[in-house]
Structure formats: C-alpha cells, structure tokens
file my_file.cif (mmCIF, C-alpha atoms)
data_target
#
loop_
_atom_site.label_atom_id
_atom_site.label_comp_id
_atom_site.auth_asym_id
_atom_site.auth_seq_id
_atom_site.Cartn_x
_atom_site.Cartn_y
_atom_site.Cartn_z
CA MET A 1 37.39 -153.94 -5.15
CA GLU A 2 35.36 -150.72 -5.14
CA THR A 3 36.40 -147.47 -3.49
CA ILE A 4 33.31 -145.46 -2.65
CA LEU A 5 33.89 -141.73 -2.36
CA VAL A 6 31.22 -139.59 -0.76
CA LEU A 7 31.45 -136.01 -1.99
CA ALA A 8 30.01 -133.16 0.02
CA HIS A 9 30.34 -129.42 0.17
CA THR A 10 29.99 -127.37 3.31
CA GLU A 11 27.28 -124.81 3.87
CA ASN A 12 28.01 -121.11 4.43
CA ASP A 13 28.54 -121.72 8.14
CA GLY A 14 30.90 -124.65 7.57
CA SER A 15 28.38 -127.30 8.53
CA LEU A 16 27.15 -130.27 6.52
CA ALA A 17 23.63 -130.15 5.13
CA LYS A 18 21.16 -132.93 5.87
CA SER A 19 21.34 -134.06 2.23
CA ALA A 20 25.08 -134.67 2.60
CA ARG A 21 24.48 -136.85 5.65
CA GLU A 22 21.82 -138.76 3.75
CA ALA A 23 24.30 -139.35 0.93
CA LEU A 24 26.83 -140.58 3.47
CA HIS A 25 24.26 -142.96 4.94
CA SER A 26 23.41 -144.28 1.48
CA ALA A 27 27.09 -144.78 0.68
CA ALA A 28 27.69 -146.51 4.01
CA THR A 29 24.85 -148.92 3.27
CA LEU A 30 26.34 -149.58 -0.17
CA HIS A 31 29.75 -150.12 1.41
CA LYS A 32 28.29 -152.75 3.78
CA SER A 33 26.68 -154.55 0.83
CA LEU A 34 29.84 -154.60 -1.28
CA ALA A 35 32.33 -157.05 0.16
CA GLY A 36 35.86 -155.72 0.22
CA SER A 37 34.89 -152.15 -0.62
CA LYS A 38 36.41 -149.05 0.94
CA LEU A 39 34.52 -145.94 2.00
CA VAL A 40 36.20 -142.52 1.91
CA PHE A 41 34.89 -139.00 2.29
CA GLY A 42 35.72 -135.89 0.28
CA LEU A 43 34.82 -132.38 1.42
CA ILE A 44 34.91 -129.05 -0.39
CA GLY A 45 34.51 -125.67 1.23
CA GLU A 46 36.31 -122.66 2.65
CA ASN A 47 37.02 -124.57 5.81
CA VAL A 48 36.08 -128.24 6.12
CA GLN A 49 37.49 -129.24 9.50
CA ALA A 50 34.29 -128.71 11.44
CA ALA A 51 32.28 -130.68 8.90
CA ALA A 52 34.79 -133.52 8.95
CA ASN A 53 34.70 -133.57 12.75
CA SER A 54 30.92 -133.84 12.71
CA ILE A 55 31.06 -137.13 10.79
CA ALA A 56 34.20 -138.53 12.35
CA ALA A 57 32.25 -141.52 13.64
CA SER A 58 31.30 -142.61 10.12
CA PRO A 59 32.72 -145.85 8.66
CA ALA A 60 34.89 -143.84 6.21
CA ILE A 61 38.54 -144.84 6.50
CA LYS A 62 39.97 -141.67 4.96
CA TYR A 63 38.92 -138.05 4.69
CA PHE A 64 40.02 -135.77 1.86
CA GLY A 65 39.43 -132.05 1.69
CA VAL A 66 39.78 -129.11 -0.68
CA THR A 67 39.72 -125.82 1.17
CA GLY A 68 40.13 -122.14 0.46
CA ALA A 69 38.18 -119.01 -0.28
CA ASP A 70 37.72 -120.08 -3.91
CA PHE A 71 35.70 -123.09 -2.79
CA SER A 72 33.27 -121.26 -0.58
CA GLN A 73 31.15 -120.29 -3.56
CA SER A 74 29.22 -122.51 -5.90
CA ARG A 75 31.03 -122.20 -9.24
CA TYR A 76 31.50 -124.75 -12.01
CA ALA A 77 35.20 -124.19 -12.73
CA THR A 78 36.44 -124.41 -9.14
CA ASP A 79 33.99 -127.10 -8.01
CA ALA A 80 34.90 -129.28 -11.00
CA ALA A 81 38.62 -128.89 -10.36
CA ALA A 82 38.14 -129.71 -6.68
CA ALA A 83 35.91 -132.73 -7.30
CA GLU A 84 38.27 -134.05 -9.96
CA ALA A 85 41.22 -133.72 -7.57
CA LEU A 86 39.32 -135.51 -4.81
CA CYS A 87 38.26 -138.35 -7.09
CA LYS A 88 41.81 -138.84 -8.29
CA ALA A 89 43.33 -138.60 -4.80
CA ALA A 90 40.84 -141.12 -3.47
CA GLN A 91 41.16 -143.31 -6.58
CA ALA A 92 37.40 -143.53 -6.44
CA THR A 93 35.56 -146.12 -8.48
CA ILE A 94 32.14 -145.06 -7.24
CA VAL A 95 31.24 -141.51 -6.29
CA VAL A 96 28.13 -140.72 -4.26
CA ALA A 97 26.96 -137.16 -3.77
CA PRO A 98 23.73 -135.43 -2.73
CA ALA A 99 21.76 -133.94 -5.61
CA THR A 100 22.24 -130.34 -4.56
CA SER A 101 22.26 -127.64 -7.22
CA ARG A 102 26.02 -127.31 -6.70
CA TRP A 103 26.76 -130.97 -7.43
CA ALA A 104 24.12 -131.26 -10.15
CA ARG A 105 25.88 -128.48 -12.01
CA VAL A 106 29.31 -130.02 -11.93
CA LEU A 107 29.46 -133.80 -11.42
CA PRO A 108 28.52 -134.94 -14.94
CA GLY A 109 31.36 -132.76 -16.23
CA VAL A 110 33.71 -134.30 -13.69
CA ALA A 111 32.64 -137.77 -14.82
CA GLN A 112 33.52 -136.74 -18.37
CA ARG A 113 37.00 -135.62 -17.23
CA LEU A 114 37.61 -138.94 -15.47
CA GLY A 115 36.34 -141.08 -18.33
CA GLY A 116 33.45 -142.31 -16.21
CA ARG A 117 29.68 -141.97 -16.23
CA ALA A 118 27.22 -140.03 -14.10
CA ASP A 119 23.72 -141.07 -13.14
CA THR A 120 21.61 -138.39 -11.52
CA HIS A 121 18.32 -138.19 -9.62
CA VAL A 122 19.01 -141.68 -8.28
CA THR A 123 16.28 -142.79 -5.90
CA GLY A 124 17.81 -146.03 -4.66
CA VAL A 125 20.88 -148.24 -4.87
CA THR A 126 20.92 -152.01 -4.37
CA VAL A 127 23.53 -154.73 -4.69
CA ALA A 128 22.84 -158.21 -6.05
CA ASP A 129 25.56 -160.77 -6.85
CA GLY A 130 28.16 -158.05 -6.43
CA ARG A 131 26.51 -155.84 -9.09
CA ILE A 132 25.34 -152.38 -8.20
CA SER A 133 21.93 -151.37 -9.48
CA ALA A 134 20.70 -147.77 -9.35
CA SER A 135 17.03 -146.82 -9.66
CA ARG A 136 15.87 -143.62 -11.27
CA TRP A 137 12.79 -142.26 -12.98
CA TYR A 138 12.38 -141.63 -16.70
CA TYR A 139 10.03 -139.52 -18.80
CA ARG A 140 9.15 -137.06 -16.07
CA GLN A 141 8.63 -139.72 -13.42
CA ARG A 142 6.27 -141.75 -15.54
CA MET A 143 8.33 -144.93 -15.35
CA GLU A 144 11.06 -146.25 -13.09
CA GLY A 145 14.14 -148.10 -14.25
CA ALA A 146 16.93 -150.02 -12.54
CA LEU A 147 20.26 -149.80 -14.34
CA THR A 148 23.78 -151.11 -13.96
CA ARG A 149 27.01 -149.84 -15.45
CA THR A 150 30.39 -151.42 -16.05
CA GLN A 151 32.29 -148.13 -16.43
CA ARG A 152 34.17 -146.64 -13.51
CA PRO A 153 34.13 -144.19 -11.92
CA MET B 1 29.88 -102.73 -26.97
CA SER B 2 27.83 -105.65 -28.24
CA THR B 3 29.25 -109.05 -29.00
CA ALA B 4 28.17 -111.05 -32.04
CA TYR B 5 27.56 -114.37 -30.35
CA GLN B 6 27.44 -117.78 -31.93
CA ILE B 7 24.67 -119.43 -29.94
CA VAL B 8 24.34 -123.19 -30.30
CA VAL B 9 21.22 -124.69 -28.76
CA CYS B 10 21.17 -128.42 -28.04
CA GLY B 11 17.70 -129.90 -27.94
CA SER B 12 15.93 -133.03 -28.99
CA ILE B 13 12.41 -134.29 -29.30
CA VAL B 14 10.27 -135.96 -26.67
CA PRO B 15 6.87 -137.65 -26.83
CA ASP B 16 3.90 -135.32 -26.49
CA PRO B 17 3.17 -135.30 -22.73
CA LEU B 18 -0.47 -136.26 -23.18
CA GLN B 19 0.43 -139.63 -24.70
CA THR B 20 0.40 -142.93 -22.86
CA LEU B 21 3.96 -144.18 -22.54
CA GLU B 22 4.91 -147.81 -22.01
CA PRO B 23 8.44 -149.23 -21.97
CA VAL B 24 9.13 -152.23 -24.21
CA ALA B 25 12.19 -154.25 -25.17
CA SER B 26 13.32 -153.80 -28.77
CA PRO B 27 16.16 -155.25 -30.88
CA THR B 28 18.12 -152.04 -30.26
CA GLY B 29 17.43 -151.91 -26.53
CA LEU B 30 14.71 -150.39 -24.39
CA ALA B 31 12.21 -148.18 -26.16
CA LEU B 32 8.66 -146.88 -25.86
CA LYS B 33 5.76 -148.83 -27.30
CA ASN B 34 4.95 -147.52 -30.80
CA GLU B 35 7.59 -144.85 -30.29
CA MET B 36 7.75 -143.82 -33.94
CA MET B 37 3.97 -143.39 -34.00
CA LEU B 38 3.81 -141.14 -30.96
CA PRO B 39 3.39 -137.43 -31.65
CA ALA B 40 6.54 -135.58 -30.69
CA VAL B 41 7.37 -132.08 -29.54
CA LEU B 42 10.61 -130.21 -29.00
CA ASP B 43 11.80 -130.83 -25.45
CA PRO B 44 10.16 -128.06 -23.37
CA TRP B 45 13.25 -126.75 -21.59
CA ALA B 46 15.26 -126.94 -24.79
CA GLY B 47 12.47 -124.91 -26.33
CA HIS B 48 12.91 -122.25 -23.66
CA ALA B 49 16.63 -122.26 -24.37
CA LEU B 50 15.93 -121.77 -28.08
CA TYR B 51 13.62 -118.83 -27.48
CA GLU B 52 16.13 -117.23 -25.11
CA ALA B 53 18.87 -117.75 -27.69
CA ALA B 54 16.80 -116.09 -30.37
CA ASN B 55 16.00 -113.19 -28.06
CA LEU B 56 19.67 -112.73 -27.24
CA ALA B 57 20.61 -112.91 -30.92
CA LYS B 58 18.00 -110.26 -31.72
CA ASN B 59 19.51 -107.93 -29.11
CA GLN B 60 23.14 -108.59 -30.02
CA PRO B 61 23.60 -107.58 -33.68
CA GLY B 62 25.55 -110.07 -35.79
CA SER B 63 24.67 -113.02 -33.56
CA LYS B 64 23.44 -116.30 -34.99
CA VAL B 65 21.55 -119.26 -33.58
CA TRP B 66 22.02 -122.93 -34.45
CA LEU B 67 19.83 -125.77 -33.19
CA VAL B 68 21.73 -129.06 -32.89
CA SER B 69 19.26 -131.89 -32.55
CA LEU B 70 19.75 -135.65 -32.28
CA GLY B 71 16.65 -137.65 -33.11
CA PRO B 72 15.03 -139.88 -35.73
CA LYS B 73 15.11 -137.92 -38.96
CA ALA B 74 11.43 -138.45 -39.74
CA LYS B 75 10.33 -137.28 -36.27
CA LEU B 76 12.67 -134.29 -36.41
CA GLN B 77 11.08 -133.24 -39.68
CA GLN B 78 7.60 -133.40 -38.13
CA VAL B 79 8.63 -131.32 -35.13
CA MET B 80 10.44 -128.77 -37.27
CA MET B 81 7.18 -127.98 -39.06
CA THR B 82 6.13 -126.17 -35.88
CA VAL B 83 9.43 -125.17 -34.29
CA ALA B 84 10.80 -123.61 -37.47
CA GLN B 85 7.98 -121.06 -37.36
CA LYS B 86 8.93 -119.78 -33.93
CA VAL B 87 12.36 -118.16 -34.20
CA PRO B 88 15.17 -117.92 -36.76
CA PHE B 89 17.84 -120.62 -36.50
CA GLU B 90 19.96 -122.97 -38.58
CA LEU B 91 19.39 -126.67 -37.94
CA VAL B 92 22.18 -129.19 -37.51
CA ALA B 93 20.49 -132.57 -37.48
CA LEU B 94 21.83 -135.92 -36.32
CA ASP B 95 19.84 -139.01 -37.27
CA GLY B 96 19.70 -141.27 -34.26
CA SER B 97 17.68 -142.26 -31.23
CA ALA B 98 16.09 -139.65 -28.97
CA SER B 99 15.06 -142.28 -26.46
CA GLY B 100 15.35 -141.52 -22.78
CA PHE B 101 17.08 -144.88 -22.30
CA THR B 102 20.16 -143.92 -24.29
CA ASP B 103 23.37 -142.96 -22.58
CA ALA B 104 23.98 -139.27 -21.84
CA THR B 105 27.72 -139.62 -22.44
CA GLU B 106 27.29 -141.02 -25.95
CA THR B 107 24.67 -138.37 -26.75
CA ALA B 108 27.04 -135.65 -25.52
CA ALA B 109 29.88 -137.01 -27.66
CA ALA B 110 27.71 -136.86 -30.78
CA LEU B 111 26.45 -133.36 -30.02
CA ALA B 112 29.92 -132.00 -29.23
CA GLU B 113 31.31 -133.43 -32.43
CA ALA B 114 28.51 -131.83 -34.43
CA ILE B 115 29.03 -128.46 -32.73
CA ALA B 116 32.79 -128.54 -33.31
CA ALA B 117 32.13 -129.24 -37.00
CA ILE B 118 30.01 -126.11 -37.52
CA PRO B 119 31.79 -124.07 -40.22
CA GLY B 120 33.30 -120.85 -38.95
CA LEU B 121 32.81 -121.73 -35.28
CA ASP B 122 34.61 -119.18 -33.08
CA LYS B 123 34.89 -120.44 -29.51
CA SER B 124 35.64 -116.96 -28.22
CA ARG B 125 32.08 -116.00 -29.16
CA LEU B 126 30.43 -119.35 -28.47
CA LEU B 127 27.47 -119.76 -26.13
CA VAL B 128 26.06 -123.28 -25.79
CA PHE B 129 22.46 -123.35 -24.63
CA GLY B 130 20.13 -126.22 -23.86
CA GLY B 131 17.54 -127.41 -21.39
CA TRP B 132 18.99 -128.20 -17.95
CA GLU B 133 17.43 -131.63 -18.28
CA SER B 134 15.18 -133.32 -20.79
CA ALA B 135 11.66 -134.65 -20.51
CA SER B 136 12.93 -138.06 -21.63
CA ARG B 137 16.08 -139.14 -19.82
CA GLY B 138 15.80 -136.28 -17.35
CA ALA B 139 19.43 -136.72 -16.29
CA GLY B 140 20.58 -133.12 -16.46
CA ALA B 141 24.01 -134.47 -17.42
CA THR B 142 24.37 -134.18 -21.20
CA LEU B 143 25.11 -130.47 -21.47
CA GLN B 144 27.91 -130.58 -18.91
CA MET B 145 29.63 -133.32 -20.87
CA VAL B 146 29.18 -131.38 -24.11
CA GLY B 147 30.79 -128.39 -22.42
CA GLU B 148 33.73 -130.43 -21.18
CA ARG B 149 34.36 -131.84 -24.66
CA LEU B 150 34.34 -128.31 -26.06
CA GLY B 151 36.61 -127.02 -23.29
CA ILE B 152 33.99 -124.72 -21.73
CA VAL B 153 34.48 -124.31 -17.98
CA ASP B 154 32.00 -121.50 -17.39
CA GLN B 155 28.83 -123.52 -17.02
CA PHE B 156 25.50 -122.67 -15.47
CA GLN B 157 22.43 -124.84 -14.90
CA GLY B 158 18.84 -124.05 -14.09
CA VAL B 159 19.21 -120.63 -15.72
CA ASP B 160 16.24 -118.28 -15.69
CA GLN B 161 17.85 -115.05 -16.78
CA LEU B 162 20.86 -113.88 -18.74
CA THR B 163 21.77 -110.21 -18.90
CA VAL B 164 24.61 -109.00 -21.10
CA ASN B 165 26.29 -105.91 -19.72
CA THR B 166 27.78 -103.11 -21.79
CA ASP B 167 31.32 -104.38 -21.11
CA GLY B 168 30.44 -107.82 -22.51
CA SER B 169 30.21 -109.52 -19.13
CA MET B 170 27.13 -111.54 -18.33
CA GLU B 171 24.97 -111.72 -15.24
CA ILE B 172 23.26 -115.09 -14.86
CA LEU B 173 20.50 -116.21 -12.52
CA GLU B 174 20.47 -119.93 -11.68
CA ARG B 175 17.86 -121.75 -9.66
CA ILE B 176 19.12 -123.12 -6.35
CA GLU B 177 17.53 -124.66 -3.29
CA GLY B 178 14.78 -122.93 -1.37
CA GLY B 179 13.17 -121.32 -4.41
CA LYS B 180 16.07 -118.88 -4.67
CA HIS B 181 18.35 -117.79 -7.47
CA GLN B 182 22.12 -117.59 -7.38
CA VAL B 183 23.43 -114.53 -9.19
CA SER B 184 26.72 -115.09 -10.97
CA LYS B 185 28.88 -112.90 -13.13
CA CYS B 186 30.75 -114.34 -16.08
CA MET B 187 33.30 -112.24 -17.96
CA GLY B 188 32.13 -113.45 -21.35
CA ALA B 189 32.05 -116.25 -23.90
CA PRO B 190 32.61 -119.12 -24.14
CA ALA B 191 29.94 -120.19 -21.69
CA LEU B 192 27.34 -122.94 -21.38
CA LEU B 193 23.86 -122.39 -20.02
CA GLY B 194 21.31 -125.10 -19.19
CA TRP B 195 18.02 -123.23 -19.12
CA ALA B 196 15.04 -123.74 -16.87
CA THR B 197 11.98 -121.80 -18.04
CA GLY B 198 13.45 -118.33 -18.35
CA ASN B 199 11.04 -115.44 -18.60
CA LEU B 200 9.99 -115.38 -22.24
CA PRO B 201 6.65 -116.58 -23.58
CA GLU B 202 6.51 -119.08 -26.42
CA PRO B 203 6.69 -117.06 -29.66
CA LYS B 204 3.69 -117.14 -31.95
CA ASN B 205 4.00 -119.04 -35.19
CA ASN B 206 5.39 -116.82 -37.91
CA PRO B 207 5.08 -118.31 -41.43
CA GLN B 208 7.70 -115.91 -42.82
CA VAL B 209 10.22 -117.10 -40.25
CA GLY B 210 9.18 -120.65 -41.06
CA MET B 211 9.84 -120.24 -44.76
CA VAL B 212 13.28 -118.78 -44.19
CA ASN B 213 14.15 -121.53 -41.70
CA MET B 214 12.93 -124.36 -43.91
CA ARG B 215 15.47 -123.37 -46.58
CA THR B 216 18.15 -124.71 -44.24
CA VAL B 217 16.08 -127.21 -42.25
CA MET B 218 15.28 -129.49 -45.18
CA PRO B 219 18.87 -129.76 -46.50
CA ALA B 220 20.06 -130.28 -42.91
CA LEU B 221 17.65 -133.16 -42.45
CA GLN B 222 18.68 -134.70 -45.76
CA LYS B 223 22.34 -134.68 -44.82
CA ALA B 224 21.75 -135.65 -41.17
CA LYS B 225 24.63 -137.85 -40.05
CA PRO B 226 23.52 -141.32 -38.89
CA THR B 227 24.43 -141.59 -35.22
CA LYS B 228 24.41 -144.85 -33.34
CA LEU B 229 24.15 -144.78 -29.57
CA ALA B 230 25.36 -148.22 -28.51
CA GLY B 231 24.79 -147.89 -24.78
CA GLU B 232 28.10 -149.56 -24.01
CA GLY B 233 28.39 -150.75 -20.45
CA LEU B 234 24.82 -149.74 -19.64
CA SER B 235 22.14 -152.32 -19.00
CA PHE B 236 18.67 -152.16 -17.54
CA ALA B 237 17.49 -154.82 -15.11
CA SER B 238 13.95 -153.49 -15.30
CA VAL B 239 11.86 -150.55 -16.43
CA ALA B 240 8.23 -150.43 -15.39
CA LEU B 241 5.32 -148.10 -14.92
CA PRO B 242 4.53 -147.42 -11.26
CA LYS B 243 1.85 -149.68 -9.81
CA GLN B 244 -1.48 -148.03 -9.21
CA LEU B 245 -2.36 -148.39 -5.57
CA ARG B 246 -5.53 -147.25 -3.90
CA GLU B 247 -6.25 -147.87 -0.25
CA THR B 248 -9.18 -145.49 0.25
CA GLN B 249 -11.54 -146.43 3.03
CA ILE B 250 -14.87 -144.81 3.80
CA VAL B 251 -15.68 -144.96 7.49
CA LYS B 252 -18.35 -143.33 9.55
CA ASP B 253 -18.54 -142.24 13.17
CA ARG B 254 -14.87 -142.77 13.94
CA SER B 255 -13.47 -140.39 16.52
CA PRO B 256 -10.69 -137.94 15.59
CA ASP B 257 -8.38 -139.71 18.06
CA ALA B 258 -8.96 -143.07 16.39
CA ILE B 259 -8.35 -141.56 12.95
CA ALA B 260 -5.16 -139.88 14.19
CA GLN B 261 -3.92 -143.15 15.71
CA GLU B 262 -4.50 -144.99 12.41
CA ILE B 263 -2.57 -142.32 10.51
CA VAL B 264 0.31 -142.54 12.96
CA GLU B 265 0.48 -146.33 12.60
CA TRP B 266 0.45 -146.00 8.81
CA ILE B 267 3.28 -143.46 8.88
CA LYS B 268 5.33 -145.77 11.09
CA LYS B 269 5.07 -148.67 8.62
#
call {"tool": "encode", "arguments": {"input": "my_file.cif", "output": "structure tokens"}}
result
Amino acid sequence: METILVLAHTENDGSLAKSAREALHSAATLHKSLAGSKLVFGLIGENVQAAANSIAASPAIKYFGVTGADFSQSRYATDAAAAEALCKAAQATIVVAPATSRWARVLPGVAQRLGGRADTHVTGVTVADGRISASRWYYRQRMEGALTRTQRP
Amino acid sequence: MSTAYQIVVCGSIVPDPLQTLEPVASPTGLALKNEMMLPAVLDPWAGHALYEAANLAKNQPGSKVWLVSLGPKAKLQQVMMTVAQKVPFELVALDGSASGFTDATETAAALAEAIAAIPGLDKSRLLVFGGWESASRGAGATLQMVGERLGIVDQFQGVDQLTVNTDGSMEILERIEGGKHQVSKCMGAPALLGWATGNLPEPKNNPQVGMVNMRTVMPALQKAKPTKLAGEGLSFASVALPKQLRETQIVKDRSPDAIAQEIVEWIKK
C-alpha cells in the first residue's frame, strides 16, 4: 500500500505557488489510480498555516509541516533536513514535488539519505496493473522514455 | 588568505549533438544505436565546470583539479585527446557505461567511491564540481547523491558564478526561476557546485597543456576500474523518438474571425 507524500515549500508571502498546486493535482490523480493508497501533504516554510489552509479541501488525509525562520530561505542543508524529516514522519513510499529550483537542488540528496531513488523532470505519471510508470525525456528531449522502479521511496 | 583547494570535477561523455540518436534494446539494457561508433564530446555543462575549476585553481595557489569520469575507456580516450589540451587536470577514469539510461544512484556511488579513493584527499579543502545535469540522462540528480555519500551538505545547483572572498568564504550565484540568480554565501569547503554555463569561454587548445596532461591521462585510462551499472529495480516500458506531426494547411480568403475560431477550437481539444 503506497503512501504518497506531496512536498511543497511556501513562497515569500506564505502562499503556495501554482507549480505546487499542479504537483498536488498530479499526486491526487495518482492516488485515485492506486487502490488503497494514502495521500498526505508536507509543507516547508517560515509559516505554513496559510498555505495548508488554502488546500484544506484536497484529498490529503494528513498535513505535515516544518516551520521556522531557517526554512524561509532556499538552502540545501536545511531543506534536505526538513524534507527528510517529512518523508520519515509521513512514512512516504512515493514523494511528489514540483520541479522548482529549490526542490531540484535537494530532493535527489534526500532520496540518497532515505535509500530511495529520485526521478526528475517527469512529464507524466500513469498506473497500469498497479505499477507506476513515469515518463521523462532523455538526451536533451530527443527521446521520451517510460520507466518503472521497484525501490521506495 | 588563499585556500589551496582540491577541486574534483565529475563529468562524462555524451554523443556529439549533431548525431542522429535512436534508442535500441541491447543485451545490457537500453542503449543508442551504434553507440560506440558515435563521436563523443565531454558533457557541455561538465565542461563548463572543468573550465571554472581550472580558473579557480589558477587563482588559488596550491590548488589542484581532478576530472573523475565514468565512461567506456575507448571513448574516454578519444575525448581526452581534445579535453586534455584545454586546462590542466589529473584524470581518474572509470570504465563503464555513459548511457543516459543508466541509474543516477549507481553512477553516483561509483563516482563517490572513486573520489574518496583519491590519494591525499582532504575534505576540508574539497570542492566537488560538475554539470548541474547531463546531456544524456539529464536528471540533475547524480551530483547531489555524490555529495551525500561524501558528507557534503553545502550544495549548490545551476551555478553561474563563484567568488572566493579574502576570508575564505564563497559567494555563489545559482539560477532560479524567472531568469534570476540567488546569491548565497558559504563559509568555505567542503562544498559541491553543479554548474550551469558560468561566465568563462571555452579555452583554446594548448598542446603544452595537453602533453603534461597526457602523462597522467594515459596511465589513468589503463588502470581504469571496470564499473558495472546494473540498473537494479529500474525498467523501461518504452523509449521512443517523438513522432513527427505536421498539420499545416494553406487556405485562402478566410476571414480573421474564422481563423481565430479555428484556433480557439484547436486549443480547446
């Protein structure tokens, strides 16, 4: 049974960027396709309450947050520690995040810490026979591949 | 006060961008058609990282540059004929696949192991450079994993500029959204930087530099450690070139309103 964690960071004004909402939508679609899966949300920022309130109607069953002045800025060390803590608290098996510069910097390193794998620049996710397939481009967008992984997260 | 850095650049080879690339199944997994016959070049962003490393080493007396490269030995040798003439470095070669279909985690494990095995490595002076993503896999994930394995938590990606201050701290510009740069300050090594293009031009070929480099490049290639990337847990359902699609129509005497309506209907599809 998969636990899908959506990771997002707040903007300077405490709001959620459009890319974060798109990631949430993608994760919600994945959650509907995976029978028995759980959807949870993890937020990082100086203050995450307003952002959490703005998506309270989402199908996520739990919301996790890491807050404080240290998390207002985009920084590898603090973002990695926060993301790692959220993944462990949520017991996430699948992590979905928007490809912002902040997450692109840190999430592969977090995957390494958790013994998982990270696939980036994903353009689509589908489910067939209970297997998740992610699409991404290779060789500077000259060919497109669909891949599956057994490792978690 | 200048610091004598140990700058390790991670970079592999990619097919020359002007070549036709076609994915094919092979006994060892997905590959490119006639991959070993395709002309190769050093990955462009890794190349920028190498030139920035050499520039930093030139400005920080006592610093040294290594290039750690995982790729087929024969292709590495071909590429080194050109790259070795650009800037001074010592090659650490790993003999394995440079395919974009290999797993970033396994690649990172091999690179980190090779870096940790460099004689005399001093992590307090270590800077790990590389391209922020490659022209093959294009994941932008390998360097972060290398950094984690080496215990480096000061990591930067999409770097365009590194300035070393007199107190040894570093000011780093990273590309972020909106065409902007984030300016960060790092107190010093160890640090990891995934470079974008930076600001330096490609150095001209210098045969003298090439001759000095080749004294270490050839032995490094001969003792290149065979490295197998098994791709455990990773499988590809499909890899294909995008379909070419052309729906051009040539019409005459259609009103602007009719054209606009057709465009709107197409967008709504």
call {"tool": "atom_distance", "arguments": {"input": "my_file.cif", "atom1": "atom CA of Thr82 of chain B", "atom2": "atom CA of Phe129 of chain B"}}
result
20.0 Å
call {"tool": "residues_around", "arguments": {"input": "my_file.cif", "residues": "Gly178 of chain B", "least_positions_apart": "4", "cutoff": "12 Å", "atoms": "only C-alpha atoms", "output": "mmCIF file with C-alpha atoms, in the coordinates of the input"}}
result
data_model
loop_
_atom_site.group_PDB
_atom_site.id
_atom_site.type_symbol
_atom_site.label_atom_id
_atom_site.label_comp_id
_atom_site.auth_asym_id
_atom_site.auth_seq_id
_atom_site.Cartn_x
_atom_site.Cartn_y
_atom_site.Cartn_z
ATOM 1 C CA THR A 100 22.240 -130.340 -4.560
ATOM 2 C CA SER A 101 22.260 -127.640 -7.220
ATOM 3 C CA GLN B 182 22.120 -117.590 -7.380
#
call {"tool": "interface_residues", "arguments": {"input": "my_file.cif", "of": "chain B", "to": "chain A", "cutoff": "7 Å", "atoms": "all atoms listed in the file", "output": "MDAnalysis selection string"}}
result
chainID B and resid 100 105 135:139 141 144:145 148 153:157 176:177 233:242
call {"tool": "resolve_selection", "arguments": {"input": "my_file.cif", "expression": "the PyMOL selection byres ((chain A and resi 55-70) around 8)", "output": "list of chain:residue names"}}
result
A:Ala28, A:Lys38, A:Leu39, A:Val40, A:Phe41, A:Gly42, A:Leu43, A:Ile44, A:Gly45, A:Glu46, A:Asn47, A:Val48, A:Ala51, A:Ala52, A:Asn53, A:Ser54, A:Phe71, A:Ser72, A:Gln73, A:Thr78, A:Ala82, A:Leu86, A:Ala89, A:Ala90
call {"tool": "residues_near_point", "arguments": {"input": "my_file.cif", "point": "(14.8, -147.2, -22.3)", "cutoff": "8 Å", "atoms": "all atoms listed in the file", "output": "ChimeraX atom specification"}}
result
/B:23-24,29-32,99-102,236,239
call {"tool": "atom_distance", "arguments": {"input": "my_file.cif", "atom1": "atom CA of Thr126 of chain A", "atom2": "atom CA of Gly231 of chain B"}}
result
21.2 Å
call {"tool": "atom_distance", "arguments": {"input": "my_file.cif", "atom1": "atom CA of Val41 of chain B", "atom2": "atom CA of Pro15 of chain B"}}
result
6.2 Å
call {"tool": "residues_around", "arguments": {"input": "my_file.cif", "residues": "Arg215 of chain B", "least_positions_apart": "4", "cutoff": "12 Å", "atoms": "only C-alpha atoms", "output": "number ranges by chain"}}
result
B: 80, 84, 88-91, 208-211, 219-222
call {"tool": "closest_residue", "arguments": {"input": "my_file.cif", "among": "B:Asp95, B:Glu174, B:Glu113, B:Asp167", "to": "Met187 of chain B", "atoms": "only C-alpha atoms"}}
result
B:Asp167
call {"tool": "axis_aligned_box", "arguments": {"input": "my_file.cif", "around": "segment 25-38 of chain A", "padding_each_side": "6 Å", "output": "AutoDock Vina command-line options"}}
result
--center_x 29.9 --center_y -150.0 --center_z 1.8 --size_x 25.0 --size_y 26.1 --size_z 18.2
